[in-house]
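Just input25.csv here, CSV, C-alpha atoms:
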```csv
chain,number,residue,atom,x,y,z
A,1,MET,CA,9.9,14.2,-21.9
A,2,LEU,CA,7.2,14.2,-24.5
A,3,ILE,CA,4.2,11.9,-23.7
A,4,THR,CA,3.1,10.3,-26.9
A,5,PRO,CA,0.2,7.9,-27.2
A,6,SER,CA,2.7,5.0,-27.6
A,7,VAL,CA,4.2,5.9,-24.2
A,8,ILE,CA,0.7,5.9,-22.7
A,9,VAL,CA,0.1,2.5,-24.1
A,10,LEU,CA,3.4,1.2,-22.9
A,11,VAL,CA,2.8,2.5,-19.4
A,12,THR,CA,-0.7,1.1,-19.3
A,13,ALA,CA,0.6,-2.3,-20.3
A,14,ALA,CA,3.5,-2.1,-17.8
A,15,GLY,CA,0.9,-1.2,-15.1
A,16,ALA,CA,-1.2,-4.2,-16.1
A,17,VAL,CA,1.7,-6.6,-15.9
A,18,ALA,CA,2.9,-5.2,-12.6
A,19,GLY,CA,-0.6,-5.2,-11.2
A,20,CYS,CA,-1.1,-8.8,-12.2
A,21,LEU,CA,2.2,-10.0,-10.8
A,22,GLY,CA,1.6,-7.9,-7.7
A,23,ALA,CA,-1.8,-9.5,-7.1
A,24,LEU,CA,-0.4,-13.0,-7.8
A,25,LEU,CA,2.5,-12.7,-5.5
A,26,GLY,CA,0.7,-10.5,-2.9
A,27,ILE,CA,3.3,-7.9,-2.9
A,28,GLY,CA,1.9,-4.9,-4.8
A,29,GLY,CA,3.1,-4.1,-8.3
A,30,GLY,CA,5.2,-1.0,-7.5
A,31,VAL,CA,8.4,-2.9,-7.0
A,32,PHE,CA,8.2,-4.0,-10.7
A,33,LEU,CA,6.6,-0.8,-12.1
A,34,VAL,CA,9.0,1.8,-10.7
A,35,PRO,CA,12.2,0.2,-12.2
A,36,PHE,CA,10.4,-0.4,-15.5
A,37,LEU,CA,9.4,3.3,-15.7
A,38,GLN,CA,12.9,4.3,-14.8
A,39,PHE,CA,15.0,2.1,-17.0
A,40,VAL,CA,12.6,1.2,-20.0
A,41,VAL,CA,10.5,4.3,-20.3
A,42,GLY,CA,13.3,6.6,-19.1
A,43,LEU,CA,11.6,8.6,-16.4
A,44,PRO,CA,13.7,10.2,-13.6
A,45,LEU,CA,13.4,8.2,-10.4
A,46,ASN,CA,11.3,10.8,-8.6
A,47,VAL,CA,8.8,10.9,-11.4
A,48,ALA,CA,8.7,7.1,-11.6
A,49,SER,CA,8.2,7.0,-7.8
A,50,GLY,CA,5.4,9.6,-8.1
A,51,VAL,CA,3.5,7.4,-10.6
A,52,GLY,CA,4.3,4.4,-8.4
A,53,LEU,CA,2.7,6.0,-5.3
A,54,MET,CA,-0.6,6.5,-7.3
A,55,THR,CA,-0.7,2.9,-8.2
A,56,VAL,CA,0.0,1.9,-4.6
A,57,ILE,CA,-3.1,3.9,-3.5
A,58,ALA,CA,-5.3,2.2,-6.1
A,59,THR,CA,-4.0,-1.3,-5.1
A,60,SER,CA,-4.6,-0.5,-1.4
A,61,SER,CA,-8.1,0.6,-1.9
A,62,VAL,CA,-9.0,-2.3,-4.1
A,63,VAL,CA,-7.4,-5.0,-1.9
A,64,SER,CA,-8.7,-3.6,1.4
A,65,SER,CA,-12.2,-3.3,0.1
A,66,GLY,CA,-12.0,-7.0,-0.8
A,67,SER,CA,-11.4,-8.1,2.8
A,68,ALA,CA,-14.9,-6.7,3.8
A,69,GLY,CA,-16.7,-8.0,6.8
A,70,ARG,CA,-14.1,-10.7,7.6
A,71,GLN,CA,-12.6,-8.8,10.6
A,72,LEU,CA,-9.2,-9.4,9.2
A,73,VAL,CA,-8.2,-5.8,9.2
A,74,ASN,CA,-6.9,-4.8,12.7
A,75,LEU,CA,-7.6,-1.1,12.3
A,76,ARG,CA,-6.6,-0.4,15.9
A,77,LEU,CA,-3.1,-1.8,15.4
A,78,GLY,CA,-3.0,-0.4,11.9
A,79,MET,CA,-3.6,3.2,13.0
A,80,LEU,CA,-1.0,2.9,15.7
A,81,LEU,CA,1.6,1.7,13.3
A,82,GLN,CA,0.3,4.2,10.7
A,83,VAL,CA,1.6,7.1,13.0
A,84,ALA,CA,5.1,5.7,12.4
A,85,ALA,CA,4.6,4.9,8.7
A,86,SER,CA,3.1,8.3,7.9
A,87,SER,CA,5.7,10.3,9.7
A,88,SER,CA,8.6,8.6,7.9
A,89,ALA,CA,6.8,8.7,4.5
A,90,LEU,CA,6.3,12.5,4.8
A,91,THR,CA,10.0,12.9,5.9
A,92,ALA,CA,11.1,10.8,3.0
A,93,ALA,CA,9.0,12.8,0.5
A,94,VAL,CA,10.6,16.0,1.7
A,95,LEU,CA,14.1,14.6,1.9
A,96,VAL,CA,14.1,12.6,-1.3
A,97,VAL,CA,15.1,15.6,-3.5
A,98,ARG,CA,18.0,16.4,-1.2
A,99,LEU,CA,19.4,12.9,-1.1
A,100,PRO,CA,22.0,12.0,-3.8
A,101,GLU,CA,20.4,9.7,-6.4
A,102,ARG,CA,23.0,7.2,-5.6
A,103,SER,CA,21.8,6.6,-2.1
A,104,LEU,CA,18.3,6.0,-3.5
A,105,PHE,CA,19.7,3.4,-5.9
A,106,ILE,CA,21.4,1.6,-3.1
A,107,LEU,CA,18.2,1.7,-1.0
A,108,PHE,CA,16.2,0.3,-3.9
A,109,SER,CA,18.8,-2.4,-4.4
A,110,LEU,CA,18.7,-3.3,-0.7
A,111,VAL,CA,14.9,-3.4,-0.7
A,112,THR,CA,14.5,-5.5,-3.8
A,113,ALA,CA,17.2,-7.9,-2.6
A,114,THR,CA,15.3,-8.2,0.7
A,115,ILE,CA,12.0,-8.9,-1.0
A,116,ALA,CA,13.6,-11.5,-3.3
A,117,GLY,CA,15.1,-13.2,-0.2
A,118,LEU,CA,11.8,-13.1,1.7
A,119,MET,CA,10.0,-14.5,-1.4
A,120,LEU,CA,12.4,-17.4,-1.4
A,121,ALA,CA,12.1,-18.1,2.3
A,122,ARG,CA,8.5,-17.3,3.0
A,123,LEU,CA,8.0,-17.5,6.7
A,124,GLU,CA,4.8,-19.4,7.3
A,125,ARG,CA,4.1,-20.0,11.0
A,126,ARG,CA,0.9,-20.2,12.8
A,127,ASN,CA,0.5,-17.4,15.4
A,128,VAL,CA,-2.9,-18.2,16.8
A,129,LEU,CA,-4.3,-19.1,20.1
A,130,THR,CA,-6.5,-22.1,19.8
A,131,ASP,CA,-8.8,-21.2,22.7
A,132,PRO,CA,-11.5,-18.8,21.3
A,133,ALA,CA,-12.1,-17.4,24.8
A,134,ALA,CA,-8.5,-16.3,25.1
A,135,ASP,CA,-7.9,-12.6,25.7
A,136,PRO,CA,-6.4,-11.0,22.6
A,137,GLY,CA,-4.9,-8.2,24.7
A,138,PRO,CA,-5.1,-4.5,24.0
A,139,LEU,CA,-4.0,-4.7,20.3
A,140,GLY,CA,-4.7,-8.2,19.2
A,141,GLY,CA,-7.8,-9.4,17.3
A,142,ARG,CA,-9.9,-12.2,16.3
A,143,PHE,CA,-11.4,-13.4,13.0
A,144,TYR,CA,-13.1,-16.3,11.6
A,145,GLU,CA,-10.9,-18.7,9.6
A,146,ALA,CA,-12.8,-20.5,6.9
A,147,GLU,CA,-10.3,-23.5,6.6
A,148,SER,CA,-10.5,-24.6,10.2
A,149,GLY,CA,-14.1,-23.3,10.6
A,150,ARG,CA,-13.0,-21.6,13.9
A,151,GLU,CA,-12.6,-18.2,15.3
A,152,VAL,CA,-8.9,-17.4,15.6
A,153,VAL,CA,-7.5,-15.2,18.3
A,154,TYR,CA,-4.1,-13.5,18.3
A,155,ARG,CA,-2.1,-11.2,20.5
A,156,VAL,CA,0.4,-8.6,19.3
A,157,ARG,CA,3.9,-9.0,20.6
A,158,ARG,CA,6.9,-6.7,20.3
A,159,LEU,CA,5.1,-3.5,19.5
A,160,PRO,CA,8.3,-1.5,19.3
A,161,THR,CA,9.6,-3.8,16.6
A,162,ALA,CA,6.3,-3.4,14.6
A,163,LEU,CA,6.6,0.4,15.0
A,164,GLY,CA,10.3,0.3,13.8
A,165,VAL,CA,9.4,-1.8,10.8
A,166,SER,CA,6.6,0.6,10.0
A,167,LEU,CA,9.1,3.5,10.1
A,168,VAL,CA,11.3,1.7,7.6
A,169,ALA,CA,8.3,0.8,5.4
A,170,GLY,CA,7.1,4.4,5.4
A,171,PHE,CA,10.5,5.7,4.4
A,172,VAL,CA,10.8,3.2,1.6
A,173,SER,CA,7.3,4.1,0.4
A,174,GLY,CA,7.9,7.8,0.5
A,175,SER,CA,11.3,7.7,-1.2
A,176,LEU,CA,10.9,5.0,-3.8
A,177,GLY,CA,7.2,5.0,-4.5
A,178,ILE,CA,6.6,1.3,-3.8
A,179,GLY,CA,4.2,0.1,-1.1
A,180,GLY,CA,6.0,-0.9,2.1
A,181,GLY,CA,3.7,-3.9,2.6
A,182,ILE,CA,6.1,-6.5,1.5
A,183,LEU,CA,8.5,-5.5,4.3
A,184,GLN,CA,5.7,-5.1,6.9
A,185,VAL,CA,3.7,-8.2,6.4
A,186,PRO,CA,6.5,-10.8,7.0
A,187,ALA,CA,7.7,-8.8,9.9
A,188,LEU,CA,4.3,-8.5,11.6
A,189,ASN,CA,3.8,-12.2,10.9
A,190,ALA,CA,7.2,-13.6,12.0
A,191,TRP,CA,8.1,-11.2,14.8
A,192,CYS,CA,4.9,-9.7,16.2
A,193,GLY,CA,2.5,-12.6,16.3
A,194,VAL,CA,0.0,-11.4,13.8
A,195,PRO,CA,-1.4,-14.2,11.6
A,196,LEU,CA,-0.4,-13.8,7.9
A,197,ARG,CA,-3.9,-12.9,6.7
A,198,ALA,CA,-4.6,-10.3,9.3
A,199,ALA,CA,-1.1,-8.9,8.7
A,200,ALA,CA,-1.7,-8.7,4.9
A,201,ALA,CA,-5.2,-7.2,5.3
A,202,THR,CA,-4.0,-4.6,7.8
A,203,SER,CA,-1.0,-3.8,5.7
A,204,ALA,CA,-3.2,-3.4,2.6
A,205,VAL,CA,-5.1,-0.6,4.3
A,206,MET,CA,-1.9,1.0,5.7
A,207,ILE,CA,0.1,1.2,2.4
A,208,GLY,CA,-2.7,3.4,0.9
A,209,VAL,CA,-2.6,5.8,3.8
A,210,THR,CA,1.2,5.8,3.8
A,211,ALA,CA,1.3,6.6,0.1
A,212,VAL,CA,-1.2,9.5,0.7
A,213,SER,CA,1.2,10.8,3.3
A,214,SER,CA,3.8,11.5,0.6
A,215,ALA,CA,1.9,11.7,-2.7
A,216,PRO,CA,0.7,15.3,-2.3
A,217,VAL,CA,4.3,16.4,-1.8
A,218,TYR,CA,5.3,14.7,-5.0
A,219,TYR,CA,2.3,16.2,-6.7
A,220,SER,CA,3.1,19.8,-5.8
A,221,ARG,CA,6.7,19.3,-6.9
A,222,GLY,CA,5.5,18.3,-10.3
A,223,ASP,CA,6.7,14.7,-9.9
A,224,VAL,CA,3.4,13.2,-10.7
A,225,SER,CA,2.8,13.3,-14.4
A,226,ALA,CA,-1.0,13.1,-14.6
A,227,PRO,CA,-1.4,11.3,-17.9
A,228,LEU,CA,1.3,8.7,-17.0
A,229,ALA,CA,-0.2,8.2,-13.5
A,230,ALA,CA,-3.6,7.7,-15.0
A,231,ALA,CA,-2.3,5.2,-17.5
A,232,ALA,CA,-0.4,3.3,-14.8
A,233,VAL,CA,-3.3,3.3,-12.3
A,234,LEU,CA,-5.8,2.0,-14.9
A,235,GLY,CA,-3.3,-0.6,-16.0
A,236,VAL,CA,-2.7,-1.8,-12.4
A,237,LEU,CA,-6.4,-1.9,-11.7
A,238,ALA,CA,-7.0,-4.1,-14.7
A,239,GLY,CA,-3.9,-6.2,-14.1
A,240,SER,CA,-4.7,-6.9,-10.4
A,241,ARG,CA,-8.2,-8.1,-11.4
A,242,ALA,CA,-6.5,-10.5,-13.8
A,243,GLY,CA,-4.0,-11.5,-11.1
A,244,PHE,CA,-6.7,-12.3,-8.5
A,245,TRP,CA,-8.5,-14.4,-11.2
A,246,PHE,CA,-5.3,-16.4,-12.0
A,247,GLY,CA,-4.4,-16.6,-8.4
A,248,ALA,CA,-7.6,-18.3,-7.5
A,249,ARG,CA,-6.9,-20.9,-10.1
A,250,ALA,CA,-3.2,-21.6,-9.9
A,251,ARG,CA,-0.6,-22.0,-7.2
A,252,ALA,CA,2.3,-20.2,-8.7
A,253,LYS,CA,5.4,-21.5,-7.0
A,254,TRP,CA,7.5,-21.3,-10.1
A,255,LEU,CA,6.3,-17.8,-10.6
A,256,LYS,CA,7.7,-16.8,-7.2
A,257,LEU,CA,11.0,-18.3,-8.1
A,258,LEU,CA,11.1,-16.5,-11.4
A,259,MET,CA,10.1,-13.2,-9.8
A,260,ALA,CA,12.7,-13.6,-7.1
A,261,GLY,CA,15.1,-13.9,-10.0
A,262,VAL,CA,13.7,-10.7,-11.7
A,263,LEU,CA,14.0,-8.8,-8.4
A,264,GLY,CA,17.5,-10.1,-7.9
A,265,THR,CA,18.4,-8.7,-11.3
A,266,VAL,CA,16.6,-5.4,-10.5
A,267,SER,CA,18.6,-5.2,-7.3
A,268,LEU,CA,21.9,-5.8,-9.1
A,269,THR,CA,21.0,-3.2,-11.8
A,270,TYR,CA,20.5,-0.5,-9.1
A,271,LEU,CA,23.6,-1.6,-7.4
A,272,LEU,CA,25.6,-1.2,-10.6
A,273,LYS,CA,24.0,2.1,-11.3
A,274,ALA,CA,25.0,3.3,-7.9
A,275,TRP,CA,28.6,2.3,-8.5
B,1,MET,CA,-20.0,-7.0,22.0
B,2,ARG,CA,-18.5,-4.5,19.7
B,3,ARG,CA,-17.3,-7.1,17.3
B,4,GLN,CA,-20.5,-7.1,15.2
B,5,GLU,CA,-20.6,-3.3,15.1
B,6,THR,CA,-17.0,-3.3,13.8
B,7,SER,CA,-17.9,-5.8,11.1
B,8,ASP,CA,-20.8,-3.5,9.8
B,9,PHE,CA,-18.4,-0.6,10.0
B,10,GLU,CA,-15.9,-2.5,8.0
B,11,ARG,CA,-18.5,-3.3,5.3
B,12,ILE,CA,-19.4,0.4,4.9
B,13,LEU,CA,-15.8,1.4,4.8
B,14,SER,CA,-14.9,-1.1,2.1
B,15,TRP,CA,-17.9,-0.1,0.1
B,16,MET,CA,-16.6,3.5,0.3
B,17,MET,CA,-13.1,2.5,-0.8
B,18,LEU,CA,-14.4,0.6,-3.8
B,19,ALA,CA,-16.7,3.5,-4.8
B,20,GLY,CA,-13.8,5.9,-4.5
B,21,VAL,CA,-11.6,3.7,-6.8
B,22,ALA,CA,-14.5,3.2,-9.3
B,23,ILE,CA,-15.2,6.9,-9.5
B,24,ALA,CA,-11.5,7.7,-9.8
B,25,ALA,CA,-11.0,5.1,-12.6
B,26,ALA,CA,-14.0,6.4,-14.5
B,27,VAL,CA,-12.7,10.0,-14.4
B,28,LEU,CA,-9.2,8.9,-15.3
B,29,ILE,CA,-10.5,6.9,-18.3
B,30,VAL,CA,-12.4,10.0,-19.5
B,31,GLY,CA,-9.3,12.2,-18.9
B,32,LEU,CA,-7.0,9.8,-20.7
B,33,VAL,CA,-9.3,9.6,-23.8
B,34,LEU,CA,-9.4,13.4,-23.9
B,35,PHE,CA,-5.6,13.4,-23.6
B,36,LEU,CA,-5.1,10.9,-26.4
B,37,THR,CA,-7.4,12.8,-28.7
B,38,GLY,CA,-5.4,15.9,-28.1
B,39,ARG,CA,-8.0,17.8,-26.1
B,40,PRO,CA,-7.2,19.6,-22.7
B,41,ALA,CA,-7.3,16.8,-20.2
B,42,GLU,CA,-5.1,18.0,-17.2
B,43,PRO,CA,-8.0,19.3,-15.0
B,44,ILE,CA,-9.9,16.0,-15.4
B,45,LEU,CA,-6.9,13.8,-14.9
B,46,THR,CA,-6.0,15.8,-11.8
B,47,THR,CA,-9.6,15.4,-10.5
B,48,GLY,CA,-9.3,11.7,-10.9
B,49,LEU,CA,-6.0,11.5,-9.1
B,50,PHE,CA,-7.3,13.6,-6.2
B,51,VAL,CA,-10.4,11.4,-5.8
B,52,LEU,CA,-8.0,8.5,-5.7
B,53,MET,CA,-5.8,10.1,-3.1
B,54,GLY,CA,-8.9,11.1,-1.1
B,55,THR,CA,-10.1,7.5,-0.7
B,56,PRO,CA,-7.6,6.3,2.0
B,57,ALA,CA,-7.8,9.7,3.7
B,58,LEU,CA,-11.5,9.4,3.9
B,59,ARG,CA,-11.1,6.0,5.5
B,60,VAL,CA,-8.9,7.5,8.3
B,61,ALA,CA,-11.5,10.3,8.8
B,62,VAL,CA,-14.3,7.7,9.3
B,63,ALA,CA,-12.0,5.6,11.5
B,64,ILE,CA,-11.8,8.5,14.0
B,65,VAL,CA,-15.6,8.7,14.3
B,66,GLU,CA,-15.7,4.9,14.9
B,67,ALA,CA,-12.9,5.1,17.5
B,68,ARG,CA,-14.8,7.8,19.4
B,69,ARG,CA,-18.0,5.9,19.3
B,70,GLN,CA,-16.2,2.9,20.8
B,71,ARG,CA,-14.6,5.1,23.5
B,72,ASP,CA,-11.3,3.5,22.7
B,73,TRP,CA,-8.9,6.3,23.5
B,74,VAL,CA,-5.7,4.7,22.2
B,75,PHE,CA,-7.4,4.1,18.9
B,76,VAL,CA,-8.8,7.7,18.9
B,77,GLY,CA,-5.3,9.1,19.8
B,78,ALA,CA,-3.6,7.1,17.1
B,79,THR,CA,-6.1,7.9,14.4
B,80,PHE,CA,-6.1,11.6,15.4
B,81,ALA,CA,-2.3,11.6,15.1
B,82,VAL,CA,-2.6,10.1,11.6
B,83,VAL,CA,-5.1,12.8,10.6
B,84,VAL,CA,-2.7,15.5,11.9
B,85,LEU,CA,0.1,13.9,9.8
B,86,LEU,CA,-2.0,13.9,6.7
B,87,GLY,CA,-2.8,17.6,7.3
B,88,LEU,CA,0.9,18.2,7.7
B,89,THR,CA,1.5,16.5,4.4
B,90,LEU,CA,-1.1,18.7,2.7
B,91,PHE,CA,0.5,21.8,4.4
B,92,VAL,CA,4.0,20.9,3.2
B,93,ALA,CA,2.6,20.2,-0.3
B,94,LEU,CA,0.9,23.6,-0.4
B,95,GLN,CA,4.0,25.4,0.7
B,96,ARG,CA,5.7,24.7,-2.6
```
Take the structure in the file and write it out as structure tokens.
Amino acid sequence: MLITPSVIVLVTAAGAVAGCLGALLGIGGGVFLVPFLQFVVGLPLNVASGVGLMTVIATSSVVSSGSAGRQLVNLRLGMLLQVAASSSALTAAVLVVRLPERSLFILFSLVTATIAGLMLARLERRNVLTDPAADPGPLGGRFYEAESGREVVYRVRRLPTALGVSLVAGFVSGSLGIGGGILQVPALNAWCGVPLRAAAATSAVMIGVTAVSSAPVYYSRGDVSAPLAAAAVLGVLAGSRAGFWFGARARAKWLKLLMAGVLGTVSLTYLLKAW
Amino acid sequence: MRRQETSDFERILSWMMLAGVAIAAAVLIVGLVLFLTGRPAEPILTTGLFVLMGTPALRVAVAIVEARRQRDWVFVGATFAVVVLLGLTLFVALQR
């Protein structure tokens, strides 16, 4: 398709909105941006995914640089899970052109429905050991929690589950171009004993590396349109700044509800397209 | 304890990530302006996107150095495996 200045402006604006929502909701903007690029701008799914991957990398680097010095990132656990996520992301990137588009639509529909459901039923449970001298075990960690003014220690449970979820998240990222963080964070939190903040910070690092495990394959296939990717990345960077700014000032419960509705609609749209 | 060292290491890493994104964004802005004014922009845009893709990869490369320094062999092994996978991605990409 011909990339006119108005398309560039549209994609930049879409990136800004997606980045802002992603930062507000803590889910990354790809899940809004990729369907928009496909259905409104009219890009083929692979090209929309390629652009999405670039924005995931930008989001990851910005978010993970923001968690500096707070020991929230469990790089040891992250790298172990990354082995699973990167393998499946690369597999997905290679496989995606051989899969019928219909199966990708169904996958997208499933993923967005899951995210909508998770958003509605956010699992918030404390997974911390209160004794600061407790042993975090080989993969756990400890960090300082500002609210309670204490050091928090946690252990990692059910490593195979965490690895399995990372495999799924990597495949979703590599085939649909959205970050897999939204699947990984609740799973690590609810099933594997990682406190929400540590899970989010660790996942923020992982989604970037996962995206880089498939982005070069998209690139070499010509599925990353450089001007559109640049527009989307710049939009997302600006939008996520705005999102963090809003997020620090407002608790957006109604927004979560609204976005769960939007994602439900996206899910239904993909399902209908697959029919 | 190695906790304090990890914290310093984290700080350097996050600074690197932020610098990577800032450089990529600056290059992409220049590229996009060139594109919009109808001048050849592809090489500049590609450079910006490559810098962007290099940022998380660099983080992994630095993590392997840190893991070795800590003599934490599970960490070293996992990070090494991730580096190999990223290399494989590049190999697959260059095959096309």
Measuring between all atoms listed in the file, which one of A:Val165, A:Val63, A:Leu183, A:Leu257 shows the shortest distance to chain B?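 Under the stated criterion, the closest residue is A:Val63.
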Check the smallest atom-to-atom distance from each of B:Arg59, B:Ala22, B:Gln70, B:Ala78 to chain A using all atoms listed in the file, then report the winner.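 Comparing B:Arg59, B:Ala22, B:Gln70, B:Ala78 against chain A, the winner is B:Ala78.
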Nearby residues (all atoms listed in the file) at most 10 Å from Val96 (chain A), same-chain spacing under 2 positions excluded, as a list in words: Asn46, Leu90, Thr91, Ala92, Ala93, Val94, Arg98, Leu99, Pro100, Glu101, Ser103, Leu104, Phe171, Gly174, Ser175, Leu176 and Tyr218 of chain A
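Among the candidate residues A:Leu25, A:Thr12, A:Gly117, A:Tyr270, the one lying nearest to Leu45 (chain A) is A:Tyr270, with distances computed using only C-alpha atoms.
Among A:Ala23, A:Ala229, A:Val168, A:Val40, the residue with the shortest atom-to-atom distance to Val111 (chain A), counting only C-alpha atoms, is A:Val168.
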Proximal residues of chain A relative to chain B (only C-alpha atoms; 7 Å) as an MDAnalysis selection string: chainID A and resid 5 57:58 61:62 64:65 68:69 71 76 79:80 82:83 86:87 90 208:209 212:214 216:217 220:221 226:227 230 234
Rank nothing, just name the residue among A:Thr202, A:Gln38, A:Thr114, A:Ser267 nearest to Leu72 (chain A), using only C-alpha atoms.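 Closest to Leu72 (chain A), using only C-alpha atoms: A:Thr202.
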I'd like the neighbourhood of Phe108 (chain A) as a ChimeraX atom specification, where a residue qualifies if any of its atoms comes within 12 Å (using only C-alpha atoms), though same-chain residues fewer than 2 positions away should be ignored. /A:30-32,34-35,45,49,101-106,110-115,171-173,175-178,180,263-274
Please compute the CA of Arg69 (chain B)-CA of Leu75 (chain A) distance, one decimal, in Å.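 Going from CA of Arg69 (chain B) over to CA of Leu75 (chain A), I get 14.4 Å.
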How many Å lie between CA of Ala16 (chain A) and CA of Ser240 (chain A), rounded to one decimal?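 Taking CA of Ala16 (chain A) as the start and CA of Ser240 (chain A) as the end point, the length is 7.2 Å.
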So what do you get for CA of Gly29 (chain A) versus CA of Thr59 (chain A), distance-wise?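 Computing it gives 8.3 Å between the two atoms.
In this comparison, which uses all atoms listed in the file, the residue of A:Ala190, A:Leu77, A:Ile27, A:Ala231 approaching Leu10 (chain A) most closely is A:Ala231.
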